[in-house]
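A.B. asks: Provided herewith is a single structure, encoded as structure tokens, for subsequent inquiry.
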Amino acid sequence: MAKDNNRRTWNPRAGPYLGEVSSLAFLNLPQHVSPIPYLLAGSGSEILLYELSSGELIRSFQVFEGVRVHGTVCSSTFVRSGDRYTYKLVVFGEKKVKIFSLVVELATSSSPGDIFVDLEVLESLPRLSNWIFDVCFLKDSSDSLEEGEEDMFLAIGCSDNSVCVWDVKESRMALEIQSPERCLLYTMRLWGKSISTLRIASGTIFNEIIVWKTAGLDGDNLGIGQYCASHMLRLAGHEGSIFRIVWSLDGSKLVSVSDDRSARIWEIDSQEVIGPVLFGHSVRVWDCCISDSLIVTAGEDCTCRIWGMDGTQREVIKEHTGRGIWRCLYDPNSSLLVTAGFDSAIKVHQLHNCGSEILLDTVGVHDSQDKVESFSSRLPNSAQVTGRMDSKSEYVRCLQFTQEDTMYVATNHGCLYHARLLPSGDVRWTELVRIPEEGPIIAMDVLPGGKVHDSCALDDWVALGDGKGNMTIVRVTGDISNPLAGSSQTWKASPERQLLGTFWCKSLGYRFVCSCNPRGLLKLWRLSDPLASETDGISLVAEFSSCFGMRIMCVDASAEDEVLVCGDLRGNITLFPLSKDMLDGVFVSPELTIPSSNYFKAAHGISTVSSVSVVRFSSNKAEICSTGADGCICYFEYERERQALEFMGLKQLKELNLVQSVCQGMHFSKDHPNNEYAAGFSSTDFLLWNLTTETKVAQISCGGWRRPHSFYLGDIPEMQNCFAYVKDDVIHIHRHWVGGEKTKVFPLNLHTQFHGRELHSLCFISADTKDGLDSDERKISDRSSWIATGCEDGSVRLTRYASEFGNWSTSELLGEHVGGSAVRSVCCVSNMHMIASDVPDIGGQDSVVDDSESPCLLISVGAKRVLTSWLLRNGRTNNKGESSVSDNGDDRASSDVSSVTFQWLATDMPTKGKKVEKSPKLDAVEEDTSVNVTESTSNSYQGRENYEDDWRYMATTAFLVKCVGSRLTICFIAVACSDATLTLRALVLPHRLWFDVASLVPLKSPVLSLQHAIVPLHPSHEGSDKESSSDVYLLISGATDGSIAFWDVTTSVEAFVKQVSSLHIEKFIDCQKRPRTGRGSQGGRKWKLLGAKRTQDSSSNSVSEPAEEDADTSLEVTNGVVPQENGNNESAESLPDTSEIKPSHVVKNAHQSGVNCLHVSRSSSSPSYGNGLMFNVISGGDDQALHCLSFNILSNSPANKSETPSYSIRLTDRGGVASAHSSAIKDVWMDVKWIFSTGLDQRVRCWYLDKDGKLVEHAHIVISVPEPEALDAKAIDENRYQIAVAGRGIQMVEFSG
């Protein structure tokens, strides 16, 4: 009884929702309080209040239960009481309307600038019969109004083209006005301040806009007269459904957007379209807003477009992902534009030159001038030349910024200029040096010394390479106003026309410089020290020869890690040893050409590597980052002792065609993280992209002229960036430079950016991953949960939930499936299972997996039969070289720094044109209809034709196995395909090789859900390295025909592990080293498919006759395992064969339709191993039912230890609940205590199994996630669970007692 009373105290509580933002509204405080408006955003059932001056989330409020917020309207008037301001706030969604009192109170003098906000419910209106499209406050027409009582009525626009008027003071529905045009609407907007001036614009399903108004029959007093609808006009012109209408401030104009991809401006008096039709969006347009000088539209193509009133398109902003931008909002006083969409992000931009009263370069900094400058200049001698350029004309070959006002320019006539950019827009040219014989300068690199803090002194080093093969080093001294060419050194570095590049390495300093030729030969030169009394002259330190023979495009080095890194013209990364003895001047024969120590072929496909950088990570490891013309940023890890290069991951920037470089911004405020930026080109524009906030910092049109060009970024690239390019003989310079101390910059991302499309799967990163963390990181991990999610667009993200603060702290993109194929299922596997073997230790292999601990893998599968795996890397903090999830600096999240980091391992997918084998015909199955449990021998299945299919993986489950005495780790992955096949695959680590282990005999219907159970028959022997527990490996599948099948794969797993562990598997094949991106990057080394033979494995599951039924309707089947034959006729080095396995049990009609979900858990009364071990299997389906099964494993110890133990599986039907949900059940989770389920009824239900094995519902909660598809849970401690639900967004539910 005490246990039942304790269970009654358990209750679910809805946590924060992370998903689409469906409404935006400004909260305008008095000017002396804040000249910048606050933002009210509706997401799910919550209202979020943001302070735009700092980008901080002030507070969130739960306003509905299971109803999405569709709109918010805040009253323009307020009631003041000291430092307390009270507004009326109306929130509506679907058919519900609530009126709140929004109280804003200024903080005390101890913390000036802070505010405290509270939200109190004033009224909850009765549920209306139609959906609500818009609301607005109205005042009484009479003049007898008290202070603060102007908003007496609330007009509510409904989807049946009617308006209801609610009396706020008397809390009653005053009247309902029905338009004479009764029709269904897609949108409606209201305008007016009183009943008599109310105008309604309705967008109908007939592509028309009907404008009507309210007319009083007897005066304007609501209490005396009556009102009716009066038709004003009909606006026709759109060729698609009208999705949004907005009134101008004075009510004279309308702007409408439509399914026909256009926006139109209507003048009410003339009843005509004024100005041109605004075409620019590639798909439908969702929202719009209008001011006196511009129009803003937002569409499904994830773009927000700014238009002038004359129809010219001024700017395009594309920073959202997924299904589009739902809402846009513009404040003309501050020029702030806010956009929000399906991806949960809320982006804030400032539009320049829009006639705003307040122009901000940073939030909180007013009255600052616009510092964006664009000017052009020519070479000093070109002004004397008239007419067209010819082959003898002087033109720019190279240019490079060193400061925001300083450039070095080299010409084809051998001249090196110093260019000073003056505040007036002019350029002051200083000729520094002219190389002998006026050879054309081919290459230039500058090692800037920077300005001394208290002066403008210069100390720059310029390396020049000319067409004659000479290198010239020029030291520039003096100051920026009067630069001087100091010491100069020239020598023959290569034959004529063979010197194509000169490179400084910042870590090596000005004493070393590199040169390269067209065939991948890199030379390292030591320069004489100008500070030394004796000069040694210039000497060749070493020659480095690339094995690819391609021109080297970029170089970087690390003296501490003793490595030199190069990127070439064809996307390859090459590493060379750079010993300290070599740099210290120990004799090295110049005839000795040093070969590469390691390389990574096709790191950027066949595209040019544009930059490489080496950053020391630890005493033995360094991180290498490369960018390329394939639009990707690749990250590697270099281990100095083994000289091993390991690919860690990549980030593909869809916004950039070519990534020029990656740089780090300054940590300039306590609540702003170290932002990372990528600079490159998108089509004809130069683009600067913030990788941290996923926002565009700058876009400069350059007409596609990319060479030569240069850019320079300050500490805050949003406000400090310069770009210059050359077209013809003109240098075009674009400079945006605002100095001073700043606290926040635009653009801002207020809300965590998430998936932009529907989620199909999610899983918690296992708690076992904390084993590799130190004590401090483990404490942080206990307060946080990491969740992996798979999306319809093929993306996999890691999202962190801060348990201590109850918020989603951040979300990072882990990777994408090839070609954007939808991710259908993800799973995390970390528990290692050992198999005994007599094979001696075959160590000595390079390992990507640490042998000291069990690896944690993340597996994702999806459309186009793509299977991808990632490896968890523990104990790393906020490393930019890998996909990670860490704190974003928000005060609401933990201030400690901890991260979960995954390294990409391997991707498997069929090649195009791969033949699909016909499955053999098998004997029929004889059913036992009395209990719907049958012994299955096989199934008949018709072969498919050979054609390029569109099959997809529907579900997956995985487990890790290791053979004692081997360093190989094998991840077995079961995947269910939509073509009604079920395959057991193996990923062999560290070699990243894929094998087909077994083909599970296809059923009549595709499998929708998969789970596995590993049953220990005997405990492991402690203190013995060569013994392990004897486990039974089971797969459980649920199909579209409502059946649940059990598959025993024990023999196949053990045989495969022992055979692979005895082979030198690394000799068979070269594995894929890099994920494919679909943009010319084909994944590193040549990737081959395994061609294993397929044999009929009758011994893997030899099933005897079914036993008699017992009283509790169960069935027992004995698995007598036959020892495998010794394959003497096979070579010891042959690849493992692929077997076929038949289901040992099939439960027919467990559900009346598809089995959408399964979960397996050990029973609470079960022992840890051996006889009596019991597992429970819970399933949910489209028939709205939950079904529970139990199975026991009964083992018989063999008389001889050399014999394989036999065992039997006893299956028991526990029944279930026929109508567990009011719609289809999409996912379920269980442990020894509780069962959690979710369905399309948008509810999470909590169940428990009583002592009789019956399901009893304990509680349920309505969630904010529309169309939930996936659920996973995690036990935080004995008294608390976290339940994550995903669909169109994700939400956390806390269940505690």
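We name chains A, B, ... following the order of the structure tokens; residues begin at 1 in each chain, and ligands are numbered from 1 as shown.
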Could you find all residues in region 85-247 of chain A that DSSP calls strand (DSSP E) from the backbone, and write them as JSON, numbers by chain?

C.D. replies: {"A": [85, 86, 87, 88, 89, 90, 91, 92, 93, 96, 97, 98, 99, 100, 101, 102, 103, 104, 105, 106, 115, 116, 117, 118, 119, 120, 121, 122, 123, 124, 132, 133, 134, 135, 136, 137, 138, 153, 154, 155, 156, 157, 158, 162, 163, 164, 165, 166, 167, 172, 173, 174, 175, 176, 177, 178, 185, 186, 187, 188, 189, 190, 191, 199, 200, 201, 202, 203, 204, 208, 209, 210, 211, 212, 213, 214, 215, 216, 227, 228, 229, 230, 231, 232, 233, 234, 235, 236, 242, 243, 244, 245, 246, 247]}

A.B. asks: From a backbone DSSP assignment, name each residue in region 242-462 of chain A labelled helix (DSSP H, G or I), as number ranges by chain.

C.D. replies: A: 382-384, 436-438

A.B. asks: Store the residues picked out above, limited to N, CA and C atoms, as a compact mmCIF listing (two decimals), in the first residue's frame.

C.D. replies:
# COMPACT_ATOMS: atom_id res chain seq x y z
N SER A 382 48.57 54.75 -63.34
CA SER A 382 47.53 54.43 -64.34
C SER A 382 46.73 55.66 -64.71
N ALA A 383 46.73 56.68 -63.85
CA ALA A 383 45.98 57.90 -64.19
C ALA A 383 46.60 58.64 -65.37
N GLN A 384 47.90 58.41 -65.61
CA GLN A 384 48.57 59.09 -66.72
C GLN A 384 48.35 58.39 -68.05
N PRO A 436 64.37 43.98 -59.39
CA PRO A 436 65.25 44.10 -60.57
C PRO A 436 64.58 43.53 -61.82
N GLU A 437 64.95 44.10 -62.94
CA GLU A 437 64.50 43.68 -64.27
C GLU A 437 62.98 43.80 -64.44
N GLU A 438 62.34 44.45 -63.46
CA GLU A 438 60.90 44.65 -63.53
C GLU A 438 60.15 43.38 -63.88

A.B. asks: What's the 12 Å shell around Arg80 (chain A), counting only C-alpha atoms, without same-chain residues fewer than 5 positions away, as a list in words?

C.D. replies: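 These residues fall inside the cut-off: Leu29, Pro30, Tyr85, Thr86, Tyr87, Leu102, Val103, Val104, Glu105, Leu106, Glu147 and Gly148 of chain A.
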
A.B. asks: Rank A:Phe544, A:Phe92, A:Phe78, A:Phe600 by their smallest atom-to-atom distance to Gly42 (chain A), using only C-alpha atoms, and report the top residue only.

C.D. replies: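 Answer, going by the shortest atom-to-atom distance: A:Phe92.
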
A.B. asks: Write out as a PDB file with C-alpha atoms, in the first residue's frame each polymer residue whose atoms come within 6 Å of region 156-167 of chain A, counting only C-alpha atoms; drop sequence neighbours fewer than 2 positions from it.

C.D. replies:
ATOM      1  CA  ASN A 130     -14.141  29.051 -35.702  1.00  0.00           C
ATOM      2  CA  TRP A 131     -10.392  29.600 -35.878  1.00  0.00           C
ATOM      3  CA  ILE A 132      -9.151  33.048 -34.943  1.00  0.00           C
ATOM      4  CA  PHE A 133      -7.060  35.054 -37.417  1.00  0.00           C
ATOM      5  CA  ASP A 134      -6.657  38.448 -35.778  1.00  0.00           C
ATOM      6  CA  VAL A 135      -7.668  40.570 -32.790  1.00  0.00           C
ATOM      7  CA  PHE A 153     -13.654  46.188 -26.456  1.00  0.00           C
ATOM      8  CA  LEU A 154     -11.804  43.443 -28.248  1.00  0.00           C
ATOM      9  CA  LYS A 169     -15.226  45.544 -18.904  1.00  0.00           C
ATOM     10  CA  GLU A 170     -18.359  43.409 -18.589  1.00  0.00           C
ATOM     11  CA  SER A 171     -16.724  40.104 -19.714  1.00  0.00           C
ATOM     12  CA  ARG A 172     -19.363  39.243 -22.271  1.00  0.00           C
ATOM     13  CA  MET A 173     -19.718  38.866 -26.013  1.00  0.00           C
ATOM     14  CA  ALA A 174     -21.261  42.168 -27.022  1.00  0.00           C
ATOM     15  CA  LEU A 175     -22.133  41.340 -30.641  1.00  0.00           C
ATOM     16  CA  GLU A 176     -21.196  39.304 -33.683  1.00  0.00           C
ATOM     17  CA  ILE A 177     -21.022  40.793 -37.152  1.00  0.00           C
ATOM     18  CA  GLN A 178     -21.180  38.477 -40.144  1.00  0.00           C
ATOM     19  CA  SER A 179     -19.846  39.629 -43.501  1.00  0.00           C
ATOM     20  CA  CYS A 183     -16.804  32.044 -47.221  1.00  0.00           C
ATOM     21  CA  LEU A 184     -13.761  30.343 -45.739  1.00  0.00           C
ATOM     22  CA  LEU A 185     -10.664  32.419 -45.311  1.00  0.00           C
TER      23      LEU A 185
END

A.B. asks: Applying 7 Å and only C-alpha atoms, which residues near Phe503 (chain A) remain after dropping the ones on its own chain fewer than 3 positions away? List them as number ranges by chain.

C.D. replies: A: 445, 513-515, 555
